[in-house]
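A.B. asks: Next comes the structure file run-v5.cif, holding mmCIF, C-alpha atoms and all ligand atoms.
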```cif
data_final
loop_
_atom_site.label_atom_id
_atom_site.label_comp_id
_atom_site.auth_asym_id
_atom_site.auth_seq_id
_atom_site.Cartn_x
_atom_site.Cartn_y
_atom_site.Cartn_z
CA MET P 330 -35.22 31.19 -30.63
CA SER P 331 -32.34 33.35 -29.50
CA ALA P 332 -29.18 31.42 -28.58
CA SER P 333 -29.14 33.17 -25.22
CA HIS P 334 -32.66 32.41 -24.08
CA TYR P 335 -33.22 30.29 -20.96
CA GLN P 336 -36.31 29.14 -19.14
CA LEU P 337 -34.86 30.43 -15.89
CA VAL P 338 -32.09 32.83 -14.92
CA ILE P 339 -30.78 32.85 -11.36
CA VAL P 340 -28.93 36.01 -10.34
CA GLY P 341 -26.29 35.38 -7.68
CA GLY P 342 -24.28 32.35 -6.61
CA GLY P 343 -24.51 32.36 -2.81
CA PRO P 344 -26.36 29.67 -0.81
CA ALA P 345 -29.79 30.79 -2.12
CA GLY P 346 -28.73 30.94 -5.77
CA LEU P 347 -26.85 27.65 -5.75
CA THR P 348 -29.67 25.80 -4.00
CA ALA P 349 -32.18 27.27 -6.48
CA GLY P 350 -29.80 26.13 -9.23
CA LEU P 351 -29.59 22.62 -7.80
CA TYR P 352 -33.39 22.28 -7.65
CA ALA P 353 -33.93 23.81 -11.08
CA ALA P 354 -31.25 21.66 -12.71
CA ARG P 355 -32.69 18.50 -11.15
CA ALA P 356 -36.12 19.53 -12.45
CA ARG P 357 -34.56 19.74 -15.94
CA ILE P 358 -35.40 23.43 -16.23
CA ASN P 359 -33.02 25.05 -18.69
CA THR P 360 -31.32 27.37 -16.20
CA LEU P 361 -28.45 29.83 -16.25
CA LEU P 362 -26.91 31.16 -13.04
CA ILE P 363 -25.22 34.53 -13.53
CA GLU P 364 -22.61 35.54 -10.98
CA LYS P 365 -19.69 37.95 -10.95
CA THR P 366 -17.16 35.59 -9.35
CA ALA P 367 -16.65 31.81 -9.34
CA VAL P 368 -17.56 31.32 -5.68
CA SER P 369 -19.59 33.99 -3.95
CA GLY P 370 -21.94 35.06 -1.20
CA GLN P 371 -21.63 36.80 2.16
CA VAL P 372 -20.85 33.40 3.69
CA LEU P 373 -17.40 33.58 2.10
CA VAL P 374 -16.36 36.16 4.66
CA THR P 375 -17.25 33.69 7.43
CA GLU P 376 -14.22 31.80 8.60
CA ARG P 377 -16.14 29.05 10.36
CA VAL P 378 -19.75 28.01 9.85
CA ASP P 379 -20.86 26.11 12.94
CA ASN P 380 -24.60 25.86 12.43
CA TYR P 381 -25.16 24.36 8.98
CA PRO P 382 -26.81 20.98 9.56
CA GLY P 383 -24.76 17.96 8.59
CA PHE P 384 -21.38 19.54 9.29
CA ALA P 385 -20.97 18.44 12.90
CA ASP P 386 -17.37 19.67 13.10
CA GLY P 387 -18.12 22.99 11.39
CA VAL P 388 -16.99 23.97 7.91
CA SER P 389 -15.29 27.02 6.44
CA GLY P 390 -17.55 29.38 4.51
CA TYR P 391 -15.42 28.86 1.42
CA GLU P 392 -15.57 25.08 1.58
CA LEU P 393 -19.32 25.08 2.10
CA MET P 394 -19.83 27.28 -0.96
CA GLU P 395 -17.51 25.14 -3.06
CA LYS P 396 -19.46 22.03 -2.08
CA MET P 397 -22.78 23.72 -2.91
CA ALA P 398 -21.43 24.79 -6.30
CA LEU P 399 -20.14 21.29 -7.12
CA HIS P 400 -23.45 19.79 -6.06
CA ALA P 401 -25.46 22.01 -8.43
CA GLU P 402 -22.96 21.48 -11.25
CA ARG P 403 -23.28 17.68 -10.87
CA PHE P 404 -26.88 18.07 -12.05
CA GLY P 405 -25.89 20.26 -14.97
CA LEU P 406 -26.44 23.82 -13.69
CA GLN P 407 -24.99 26.20 -16.27
CA LYS P 408 -23.09 29.22 -14.97
CA LYS P 409 -21.91 32.45 -16.48
CA LEU P 410 -19.36 34.72 -14.83
CA ALA P 411 -20.52 38.22 -15.72
CA GLY P 412 -21.77 41.49 -14.28
CA ILE P 413 -25.32 42.53 -15.11
CA ALA P 414 -25.58 46.14 -16.27
CA GLU P 415 -29.34 46.35 -16.72
CA PHE P 416 -32.42 44.38 -15.70
CA ALA P 417 -35.75 44.50 -17.60
CA LEU P 418 -38.12 42.37 -15.54
CA GLU P 419 -41.57 43.80 -16.14
CA GLY P 420 -42.70 41.99 -19.30
CA PRO P 421 -43.25 38.25 -19.82
CA GLU P 422 -39.69 38.00 -21.17
CA LYS P 423 -37.04 38.94 -18.61
CA ARG P 424 -34.00 40.64 -20.13
CA PHE P 425 -30.48 40.99 -18.72
CA SER P 426 -27.92 43.24 -20.40
CA LEU P 427 -24.48 42.12 -19.35
CA GLU P 428 -21.50 44.39 -18.84
CA ASN P 429 -19.71 42.55 -21.66
CA GLY P 430 -22.41 43.66 -24.12
CA GLU P 431 -24.26 40.33 -24.27
CA THR P 432 -28.00 40.05 -23.72
CA ILE P 433 -29.61 37.11 -21.95
CA THR P 434 -33.36 36.53 -21.85
CA ALA P 435 -35.48 34.21 -19.75
CA ASP P 436 -39.08 33.28 -18.97
CA ALA P 437 -38.54 33.56 -15.22
CA VAL P 438 -35.90 34.83 -12.83
CA ILE P 439 -34.86 34.19 -9.24
CA LEU P 440 -33.09 37.18 -7.68
CA CYS P 441 -30.47 35.99 -5.20
CA ASN P 442 -28.41 39.18 -5.30
CA GLY P 443 -27.69 39.01 -1.57
CA ALA P 444 -26.47 41.81 0.63
CA ARG P 445 -23.23 43.48 1.65
CA PRO P 446 -21.85 45.06 4.84
CA ARG P 447 -23.32 48.42 5.83
CA LYS P 448 -20.98 51.33 6.30
CA LEU P 449 -20.92 53.58 9.36
CA ASN P 450 -20.34 56.63 7.15
CA ILE P 451 -18.10 58.40 9.63
CA PRO P 452 -15.05 60.58 8.95
CA GLY P 453 -11.98 58.50 8.12
CA GLU P 454 -13.94 55.33 7.26
CA ARG P 455 -13.54 55.67 3.51
CA GLU P 456 -10.09 57.26 3.72
CA PHE P 457 -8.68 54.30 5.66
CA ALA P 458 -10.64 51.52 3.91
CA GLY P 459 -8.08 48.79 3.17
CA ARG P 460 -5.53 50.57 5.40
CA GLY P 461 -6.96 49.64 8.76
CA VAL P 462 -10.71 49.77 8.13
CA SER P 463 -12.06 46.35 7.14
CA TYR P 464 -15.39 44.58 6.65
CA CYS P 465 -13.95 41.05 6.43
CA ALA P 466 -12.08 39.34 9.27
CA THR P 467 -11.32 36.24 7.20
CA CYS P 468 -9.68 38.38 4.52
CA ASP P 469 -7.78 40.85 6.69
CA GLY P 470 -7.38 39.25 10.14
CA PRO P 471 -3.85 37.92 9.50
CA PHE P 472 -2.59 41.50 8.95
CA TYR P 473 -3.20 42.28 12.63
CA ARG P 474 -0.98 39.68 14.31
CA ASN P 475 -0.20 40.79 17.90
CA GLN P 476 -1.88 44.16 17.39
CA GLU P 477 -4.68 45.95 19.23
CA ILE P 478 -7.79 46.28 17.12
CA ALA P 479 -11.51 47.09 17.43
CA VAL P 480 -14.74 45.51 16.23
CA VAL P 481 -17.86 47.65 15.86
CA GLY P 482 -21.30 46.05 16.35
CA GLY P 483 -23.09 43.62 18.64
CA GLY P 484 -24.77 41.17 16.24
CA ASN P 485 -23.84 37.63 15.23
CA THR P 486 -21.33 38.79 12.64
CA ALA P 487 -19.50 41.15 15.01
CA ILE P 488 -19.16 38.60 17.80
CA GLN P 489 -18.38 35.63 15.57
CA GLU P 490 -15.70 37.59 13.73
CA ALA P 491 -14.28 39.08 16.96
CA LEU P 492 -13.80 35.50 18.15
CA HIS P 493 -12.07 34.62 14.88
CA LEU P 494 -9.78 37.66 15.21
CA THR P 495 -8.47 36.36 18.56
CA LYS P 496 -6.33 34.00 16.46
CA PHE P 497 -4.29 36.98 15.33
CA ALA P 498 -4.74 40.11 17.41
CA GLN P 499 -3.37 40.69 20.88
CA LYS P 500 -6.47 42.55 22.06
CA ILE P 501 -9.90 43.17 20.50
CA THR P 502 -12.18 45.88 21.80
CA VAL P 503 -15.80 45.34 20.80
CA ILE P 504 -17.61 48.66 20.64
CA HIS P 505 -21.37 48.39 20.90
CA ARG P 506 -23.95 51.16 20.94
CA ARG P 507 -26.11 49.43 23.57
CA SER P 508 -25.39 47.55 26.81
CA GLU P 509 -26.66 44.21 25.50
CA LEU P 510 -25.51 42.14 22.55
CA ARG P 511 -27.85 41.11 19.77
CA ALA P 512 -25.73 38.04 19.00
CA THR P 513 -26.93 34.54 19.85
CA LYS P 514 -26.22 33.35 23.40
CA ILE P 515 -23.58 30.74 22.54
CA LEU P 516 -21.50 33.40 20.78
CA GLN P 517 -21.96 35.78 23.72
CA GLU P 518 -20.76 33.10 26.16
CA ARG P 519 -17.68 32.42 24.08
CA ALA P 520 -16.86 36.11 23.71
CA PHE P 521 -17.33 36.88 27.43
CA ALA P 522 -15.01 33.98 28.26
CA GLU P 523 -12.32 35.13 25.83
CA GLU P 524 -9.48 36.98 27.58
CA LYS P 525 -8.44 38.88 24.48
CA ILE P 526 -11.88 40.46 24.00
CA GLU P 527 -12.96 43.57 25.91
CA PHE P 528 -16.27 45.35 25.58
CA VAL P 529 -17.03 49.05 25.46
CA TRP P 530 -20.76 49.51 25.96
CA ASN P 531 -23.18 52.32 25.07
CA THR P 532 -20.61 53.83 22.78
CA GLN P 533 -20.52 55.01 19.16
CA VAL P 534 -17.50 55.46 16.93
CA LYS P 535 -17.38 59.07 15.76
CA ALA P 536 -14.27 58.98 13.56
CA VAL P 537 -11.39 56.83 12.38
CA GLN P 538 -8.10 58.63 12.83
CA GLY P 539 -4.65 57.93 11.49
CA GLY P 540 -1.77 58.94 9.32
CA LYS P 541 0.27 57.81 6.34
CA SER P 542 0.79 54.30 7.68
CA GLY P 543 -2.91 53.75 8.33
CA VAL P 544 -5.31 53.73 11.28
CA GLU P 545 -3.95 54.88 14.64
CA SER P 546 -7.05 55.41 16.78
CA LEU P 547 -10.82 55.73 17.01
CA LEU P 548 -12.71 58.69 18.41
CA LEU P 549 -15.45 57.29 20.63
CA SER P 550 -18.51 58.91 22.11
CA GLY P 551 -19.89 57.21 25.20
CA GLU P 552 -22.71 57.83 27.65
CA GLY P 553 -23.60 61.48 28.00
CA GLY P 554 -21.49 62.23 24.91
CA ALA P 555 -18.19 61.75 26.78
CA GLU P 556 -15.45 61.42 24.20
CA GLN P 557 -12.38 59.21 24.39
CA VAL P 558 -9.66 58.11 22.01
CA LEU P 559 -9.00 54.38 21.63
CA PRO P 560 -5.58 53.58 20.14
CA VAL P 561 -5.94 50.73 17.58
CA THR P 562 -4.24 49.82 14.32
CA GLY P 563 -7.33 48.29 12.77
CA VAL P 564 -11.11 48.42 13.00
CA PHE P 565 -13.58 45.86 11.68
CA MET P 566 -17.08 47.19 11.02
CA PHE P 567 -19.93 44.69 11.41
CA ILE P 568 -23.04 46.82 11.81
CA GLY P 569 -25.42 44.88 9.59
CA ILE P 570 -26.05 44.49 5.91
CA GLN P 571 -27.67 46.34 3.02
CA PRO P 572 -29.34 44.78 -0.02
CA ASN P 573 -27.59 44.51 -3.38
CA ASN P 574 -30.63 46.01 -5.07
CA GLU P 575 -29.00 48.61 -7.29
CA LEU P 576 -30.24 48.34 -10.87
CA LEU P 577 -33.37 46.42 -9.81
CA PRO P 578 -36.69 48.11 -10.74
CA LEU P 579 -37.56 49.06 -7.17
CA GLU P 580 -40.48 51.19 -8.35
CA VAL P 581 -42.34 48.00 -9.28
CA LEU P 582 -40.79 45.47 -6.90
CA GLU P 583 -42.29 45.79 -3.42
CA HIS P 584 -39.64 46.26 -0.75
CA ASP P 585 -39.17 47.33 2.85
CA GLN P 586 -37.71 50.63 4.03
CA ALA P 587 -34.15 49.34 3.81
CA GLY P 588 -34.71 48.08 0.24
CA PHE P 589 -35.00 44.33 0.94
CA LEU P 590 -37.55 42.71 -1.40
CA HIS P 591 -40.96 41.55 -0.21
CA THR P 592 -42.09 38.11 -1.39
CA ASP P 593 -44.93 35.80 -0.52
CA GLU P 594 -44.21 32.42 1.04
CA ALA P 595 -43.63 30.95 -2.43
CA MET P 596 -40.80 33.52 -2.87
CA ALA P 597 -42.81 35.35 -5.56
CA THR P 598 -42.26 39.12 -5.76
CA ALA P 599 -44.84 41.64 -6.92
CA LEU P 600 -43.80 41.01 -10.56
CA PRO P 601 -45.04 37.88 -12.37
CA GLY P 602 -42.21 35.45 -13.08
CA VAL P 603 -39.83 37.26 -10.72
CA PHE P 604 -38.88 35.39 -7.55
CA ALA P 605 -36.40 36.35 -4.81
CA ALA P 606 -34.45 34.23 -2.34
CA GLY P 607 -31.85 34.63 0.40
CA ASP P 608 -30.49 37.77 2.01
CA ILE P 609 -32.06 40.14 -0.55
CA ARG P 610 -35.49 39.21 0.84
CA SER P 611 -37.08 41.18 3.62
CA LYS P 612 -37.06 38.79 6.59
CA LYS P 613 -36.30 38.63 10.26
CA PHE P 614 -33.62 35.94 10.37
CA ARG P 615 -30.76 35.57 7.93
CA GLN P 616 -29.05 32.23 8.12
CA ILE P 617 -27.33 30.10 5.49
CA VAL P 618 -29.87 27.38 6.10
CA ASN P 619 -32.87 29.61 5.40
CA ALA P 620 -31.16 31.19 2.39
CA ALA P 621 -30.81 27.66 0.99
CA SER P 622 -34.41 26.94 1.90
CA ASP P 623 -35.57 30.13 0.12
CA GLY P 624 -33.65 29.01 -2.95
CA ALA P 625 -35.31 25.60 -2.99
CA VAL P 626 -38.79 27.11 -2.60
CA ALA P 627 -38.11 29.75 -5.26
CA ALA P 628 -36.98 27.10 -7.77
CA LEU P 629 -40.06 24.95 -7.11
CA SER P 630 -42.27 28.04 -7.51
CA ALA P 631 -40.48 29.11 -10.67
CA GLY P 632 -41.00 25.59 -12.08
CA HIS P 633 -44.71 25.84 -11.32
CA TYR P 634 -44.87 29.30 -12.95
CA LEU P 635 -43.09 28.03 -16.08
CA GLU P 636 -45.48 25.05 -16.40
CA GLN P 637 -48.47 27.38 -16.12
CA HIS P 638 -47.28 30.20 -18.35
CA PHE P 639 -44.84 28.53 -20.77
CA PRO P 640 -46.14 24.94 -21.00
CA ASN P 641 -44.56 24.14 -24.35
CA THR P 642 -41.06 25.34 -23.77
CA SER P 643 -39.61 22.63 -21.54
CA ASP P 644 -37.32 21.48 -24.32
CA LYS P 645 -35.87 24.96 -25.00
CA SER P 646 -32.13 24.82 -25.42
CA SER P 647 -29.63 27.58 -24.86
P1 LIG P 701 -27.34 42.58 12.69
O1 LIG P 701 -27.82 41.32 13.32
O2 LIG P 701 -28.32 43.51 12.08
O3 LIG P 701 -26.50 43.35 13.81
C1 LIG P 701 -25.95 44.60 13.55
C2 LIG P 701 -25.30 45.12 14.81
O4 LIG P 701 -24.71 46.38 14.50
C3 LIG P 701 -26.28 45.33 15.95
O5 LIG P 701 -25.70 44.98 17.17
C4 LIG P 701 -26.56 46.83 15.88
O6 LIG P 701 -26.83 47.40 17.13
C5 LIG P 701 -25.26 47.37 15.36
N1 LIG P 701 -25.45 48.59 14.57
C6 LIG P 701 -26.30 48.80 13.54
N2 LIG P 701 -26.19 50.05 13.07
C7 LIG P 701 -25.26 50.65 13.84
C8 LIG P 701 -24.72 51.96 13.86
N3 LIG P 701 -25.10 52.89 12.99
N4 LIG P 701 -23.79 52.23 14.78
C9 LIG P 701 -23.38 51.31 15.68
N5 LIG P 701 -23.86 50.05 15.71
C10 LIG P 701 -24.79 49.73 14.79
O7 LIG P 701 -26.27 42.31 11.53
P2 LIG P 701 -25.17 41.14 11.36
O8 LIG P 701 -24.54 40.80 12.64
O9 LIG P 701 -24.33 41.55 10.21
O10 LIG P 701 -26.03 39.91 10.89
C11 LIG P 701 -26.80 39.98 9.68
C12 LIG P 701 -27.68 38.74 9.60
O11 LIG P 701 -26.87 37.58 9.42
C13 LIG P 701 -28.46 38.51 10.92
O12 LIG P 701 -29.72 37.99 10.58
C14 LIG P 701 -27.61 37.49 11.63
O13 LIG P 701 -28.34 36.70 12.56
C15 LIG P 701 -27.09 36.66 10.47
N6 LIG P 701 -25.81 35.98 10.85
C16 LIG P 701 -25.89 34.77 11.46
C17 LIG P 701 -24.73 34.13 11.89
C18 LIG P 701 -24.80 32.82 12.59
O14 LIG P 701 -25.86 32.26 12.76
N7 LIG P 701 -23.72 32.25 13.07
C19 LIG P 701 -23.49 34.73 11.68
C20 LIG P 701 -23.44 35.97 11.06
C21 LIG P 701 -24.62 36.60 10.67
P3 LIG P 701 -28.23 47.12 17.90
O15 LIG P 701 -28.09 45.74 18.46
O16 LIG P 701 -28.25 48.18 18.91
O17 LIG P 701 -29.30 47.26 16.87
#
```
Could you write out this structure as structure tokens?

C.D. replies:
Amino acid sequence: MSASHYQLVIVGGGPAGLTAGLYAARARINTLLIEKTAVSGQVLVTERVDNYPGFADGVSGYELMEKMALHAERFGLQKKLAGIAEFALEGPEKRFSLENGETITADAVILCNGARPRKLNIPGEREFAGRGVSYCATCDGPFYRNQEIAVVGGGNTAIQEALHLTKFAQKITVIHRRSELRATKILQERAFAEEKIEFVWNTQVKAVQGGKSGVESLLLSGEGGAEQVLPVTGVFMFIGIQPNNELLPLEVLEHDQAGFLHTDEAMATALPGVFAAGDIRSKKFRQIVNAASDGAVAALSAGHYLEQHFPNTSDKSS
């Protein structure tokens, strides 16, 4: 038996991956969680999580992830910090070639690769990335103390992060392409009541403009194509997410148009022994609580798969 063979590999250490790891470790499945960084997941960019059950006073995204990691580690979840360069998932043995040259194999895998912010792909967006264009209010908000900034988008992320940015900025203009927000009502109520937040409706951002010192303005296109220039020193883009599916064998894994993976209700993908959980799944609602739930279900399903297909390997050691 190879020294780097596991019963189960979990890819990704966000809420889905860590919950899968907790369940797998408690089921005494020899499991390795592979992640690029010590604490991870989209939730890290969330300053305040207000809707995770059990945290009545709210909790920071970072603290929640740290607690989830500690919880899984208490039951013996093994972790490896590494990038995966290649996935071979089609045969009975799943194979992961790591960027450091190592190879890991497993009998089953749970893909919890997650998602990342979508880009607007407009002129100036890439040029000013990190110099006024940001995708993370928690990371970059403090740079905009007493400044006038913009937030693009009308979903939960845009409104929640616009509210967070009121701690720093003097004025936040939320630019939304429709006249109605997609965000949940409680966030809408808070944003409408916030003096520092203004809304520009039915408007698209056409370009980010600036100079050597960074962003200076946005070129907006409103109703009827009327253009205007909005002077701001920073713009936060929150227009949705895209799946971290690069390197996955999408030709054999069923997925939706945007590349999110289809699973059945047991979190099984189209490939035997390959499960998916969390934001990488195609689903209507993306919440931390249902990412965690996906992870639990995926681990239980993976355990069932291992018992059926690899009944004599429960004592495999890494
Ligand atoms: P989202 O819900 O998909 O919202 C994206 C927003 O960006 C929408 O308002 C959309 O406009 C707008 N948009 C999309 N493409 C655009 C474009 N090309 N130009 C201009 N605007 C564009 O994405 P999200 O807010 O990142 O949330 C992702 C998931 O995480 C959701 O399931 C969300 O509920 C969840 N989440 C939950 C919480 C929470 O519960 N507190 C917090 C954060 C995120 P339209 O409305 O016109 O489509």

A.B. asks: Residues contacting ligand LIG 701 (chain P) - anything with an atom at most 10 Å away, using only C-alpha atoms and all ligand atoms - can you give me those as a compact mmCIF listing (two decimals) with C-alpha atoms, in the coordinates of the input?

C.D. replies:
```
# COMPACT_ATOMS: atom_id res chain seq x y z
CA GLN P 371 -21.63 36.80 2.16
CA VAL P 372 -20.85 33.40 3.69
CA VAL P 374 -16.36 36.16 4.66
CA THR P 375 -17.25 33.69 7.43
CA ARG P 377 -16.14 29.05 10.36
CA VAL P 378 -19.75 28.01 9.85
CA ASP P 379 -20.86 26.11 12.94
CA ASN P 380 -24.60 25.86 12.43
CA TYR P 381 -25.16 24.36 8.98
CA ALA P 444 -26.47 41.81 0.63
CA ARG P 445 -23.23 43.48 1.65
CA PRO P 446 -21.85 45.06 4.84
CA ARG P 447 -23.32 48.42 5.83
CA LYS P 448 -20.98 51.33 6.30
CA LEU P 449 -20.92 53.58 9.36
CA ASN P 450 -20.34 56.63 7.15
CA ILE P 451 -18.10 58.40 9.63
CA VAL P 481 -17.86 47.65 15.86
CA GLY P 482 -21.30 46.05 16.35
CA GLY P 483 -23.09 43.62 18.64
CA GLY P 484 -24.77 41.17 16.24
CA ASN P 485 -23.84 37.63 15.23
CA THR P 486 -21.33 38.79 12.64
CA ALA P 487 -19.50 41.15 15.01
CA ILE P 488 -19.16 38.60 17.80
CA GLN P 489 -18.38 35.63 15.57
CA GLU P 490 -15.70 37.59 13.73
CA ILE P 504 -17.61 48.66 20.64
CA HIS P 505 -21.37 48.39 20.90
CA ARG P 506 -23.95 51.16 20.94
CA ARG P 507 -26.11 49.43 23.57
CA SER P 508 -25.39 47.55 26.81
CA GLU P 509 -26.66 44.21 25.50
CA LEU P 510 -25.51 42.14 22.55
CA ARG P 511 -27.85 41.11 19.77
CA ALA P 512 -25.73 38.04 19.00
CA THR P 513 -26.93 34.54 19.85
CA ILE P 515 -23.58 30.74 22.54
CA LEU P 516 -21.50 33.40 20.78
CA ASN P 531 -23.18 52.32 25.07
CA THR P 532 -20.61 53.83 22.78
CA GLN P 533 -20.52 55.01 19.16
CA VAL P 534 -17.50 55.46 16.93
CA LYS P 535 -17.38 59.07 15.76
CA MET P 566 -17.08 47.19 11.02
CA PHE P 567 -19.93 44.69 11.41
CA ILE P 568 -23.04 46.82 11.81
CA GLY P 569 -25.42 44.88 9.59
CA ILE P 570 -26.05 44.49 5.91
CA GLN P 571 -27.67 46.34 3.02
CA ASP P 608 -30.49 37.77 2.01
CA LYS P 612 -37.06 38.79 6.59
CA LYS P 613 -36.30 38.63 10.26
CA PHE P 614 -33.62 35.94 10.37
CA ARG P 615 -30.76 35.57 7.93
CA GLN P 616 -29.05 32.23 8.12
CA ILE P 617 -27.33 30.10 5.49
CA VAL P 618 -29.87 27.38 6.10
```

A.B. asks: Could you give me, as a list in words, the residues within 9 Å of Leu582 in chain P, counting only C-alpha atoms and dropping anything in the same chain fewer than 2 positions from it?

C.D. replies: Leu577, Pro578, Leu579, Glu580, His584, Leu590, His591, Thr598, Ala599 and Leu600 of chain P

A.B. asks: Which one is closest to Lys541 in chain P: P:Pro452, P:Gly461, P:Gly390, P:Glu583? Count all atoms listed in the file.

C.D. replies: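 Of all the options, P:Gly461 lies closest to Lys541 in chain P.
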
A.B. asks: So that I can check the surroundings of Gly539 in chain P, please list as an mmCIF file with C-alpha atoms, keeping the file's coordinate frame every protein, DNA and RNA residue that reaches within 9 Å of it, counting only C-alpha atoms and ignoring chain neighbours fewer than 3 positions away.

C.D. replies:
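Below is the file that was written, around-v4.cif:
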```cif
data_model
loop_
_atom_site.group_PDB
_atom_site.id
_atom_site.type_symbol
_atom_site.label_atom_id
_atom_site.label_comp_id
_atom_site.auth_asym_id
_atom_site.auth_seq_id
_atom_site.Cartn_x
_atom_site.Cartn_y
_atom_site.Cartn_z
ATOM 1 C CA GLY P 453 -11.980 58.500 8.120
ATOM 2 C CA PHE P 457 -8.680 54.300 5.660
ATOM 3 C CA SER P 542 0.790 54.300 7.680
ATOM 4 C CA GLY P 543 -2.910 53.750 8.330
ATOM 5 C CA VAL P 544 -5.310 53.730 11.280
ATOM 6 C CA GLU P 545 -3.950 54.880 14.640
ATOM 7 C CA SER P 546 -7.050 55.410 16.780
ATOM 8 C CA LEU P 547 -10.820 55.730 17.010
ATOM 9 C CA THR P 562 -4.240 49.820 14.320
#
```

A.B. asks: Point out the residue among P:Val338, P:Leu373, P:Val603, P:Val561 with the least atom-to-atom distance to Glu419 in chain P, counting only C-alpha atoms.

C.D. replies: P:Val603

A.B. asks: Work out how far apart CA of Ala385 in chain P and CA of Ile609 in chain P are and give it in Å to one decimal.

C.D. replies: 27.8 Å

A.B. asks: Looking at only C-alpha atoms, which of P:Val581, P:Gly346, P:Val503, P:Ala367 is the one that sits closest to Gly420 in chain P?

C.D. replies: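 The shortest atom-to-atom distance to Gly420 in chain P comes from P:Val581.
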
A.B. asks: Could you check the closest approach to Lys409 in chain P for each of P:Asn574, P:Ser611, P:Thr467, P:Asn429 and tell me which residue wins, using all atoms listed in the file?

C.D. replies: P:Asn429

A.B. asks: Mind pulling up the distance from CA of Phe425 in chain P to CA of Gln637 in chain P?

C.D. replies: 22.7 Å

A.B. asks: Write out, as JSON lines, each residue of range 496-606 of chain P that has an atom at most 10 Å from range 628-633 of chain P, together with the closest pair of atoms and their distance in Å to one decimal, counting all atoms listed in the file, rows going by chain and rising number.

C.D. replies:
```
{"residue": "P:Glu594", "atom": "CA", "partner": "P:Ser630", "partner_atom": "CA", "distance": 9.8}
{"residue": "P:Ala595", "atom": "CA", "partner": "P:Ser630", "partner_atom": "CA", "distance": 6.0}
{"residue": "P:Met596", "atom": "CA", "partner": "P:Ser630", "partner_atom": "CA", "distance": 7.3}
{"residue": "P:Ala597", "atom": "CA", "partner": "P:Ser630", "partner_atom": "CA", "distance": 7.6}
{"residue": "P:Gly602", "atom": "CA", "partner": "P:Ala631", "partner_atom": "CA", "distance": 7.0}
{"residue": "P:Val603", "atom": "CA", "partner": "P:Ala631", "partner_atom": "CA", "distance": 8.2}
{"residue": "P:Phe604", "atom": "CA", "partner": "P:Ala631", "partner_atom": "CA", "distance": 7.2}
{"residue": "P:Ala605", "atom": "CA", "partner": "P:Ala628", "partner_atom": "CA", "distance": 9.7}
{"residue": "P:Ala606", "atom": "CA", "partner": "P:Ala628", "partner_atom": "CA", "distance": 9.3}
```

A.B. asks: Go ahead and write the selection's residues with C-alpha atoms as a short mmCIF file (atom, residue, chain, number, x, y, z; two decimals), in the frame of the given file.

C.D. replies:
```cif
data_model
loop_
_atom_site.label_atom_id
_atom_site.label_comp_id
_atom_site.auth_asym_id
_atom_site.auth_seq_id
_atom_site.Cartn_x
_atom_site.Cartn_y
_atom_site.Cartn_z
CA GLU P 594 -44.21 32.42 1.04
CA ALA P 595 -43.63 30.95 -2.43
CA MET P 596 -40.80 33.52 -2.87
CA ALA P 597 -42.81 35.35 -5.56
CA GLY P 602 -42.21 35.45 -13.08
CA VAL P 603 -39.83 37.26 -10.72
CA PHE P 604 -38.88 35.39 -7.55
CA ALA P 605 -36.40 36.35 -4.81
CA ALA P 606 -34.45 34.23 -2.34
#
```

A.B. asks: What is the CA of Lys500 in chain P to CA of Glu524 in chain P distance in Å?

C.D. replies: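 If I compute the distance from CA of Lys500 in chain P to CA of Glu524 in chain P, I get 8.4 Å.
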
A.B. asks: Select, from P:Gly563, P:Pro601, P:Gly588, P:Pro640, the residue with the minimum atom-to-atom distance to Gly470 in chain P, counting all atoms listed in the file.

C.D. replies: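 Selected residue with least distance to Gly470 in chain P: P:Gly563.
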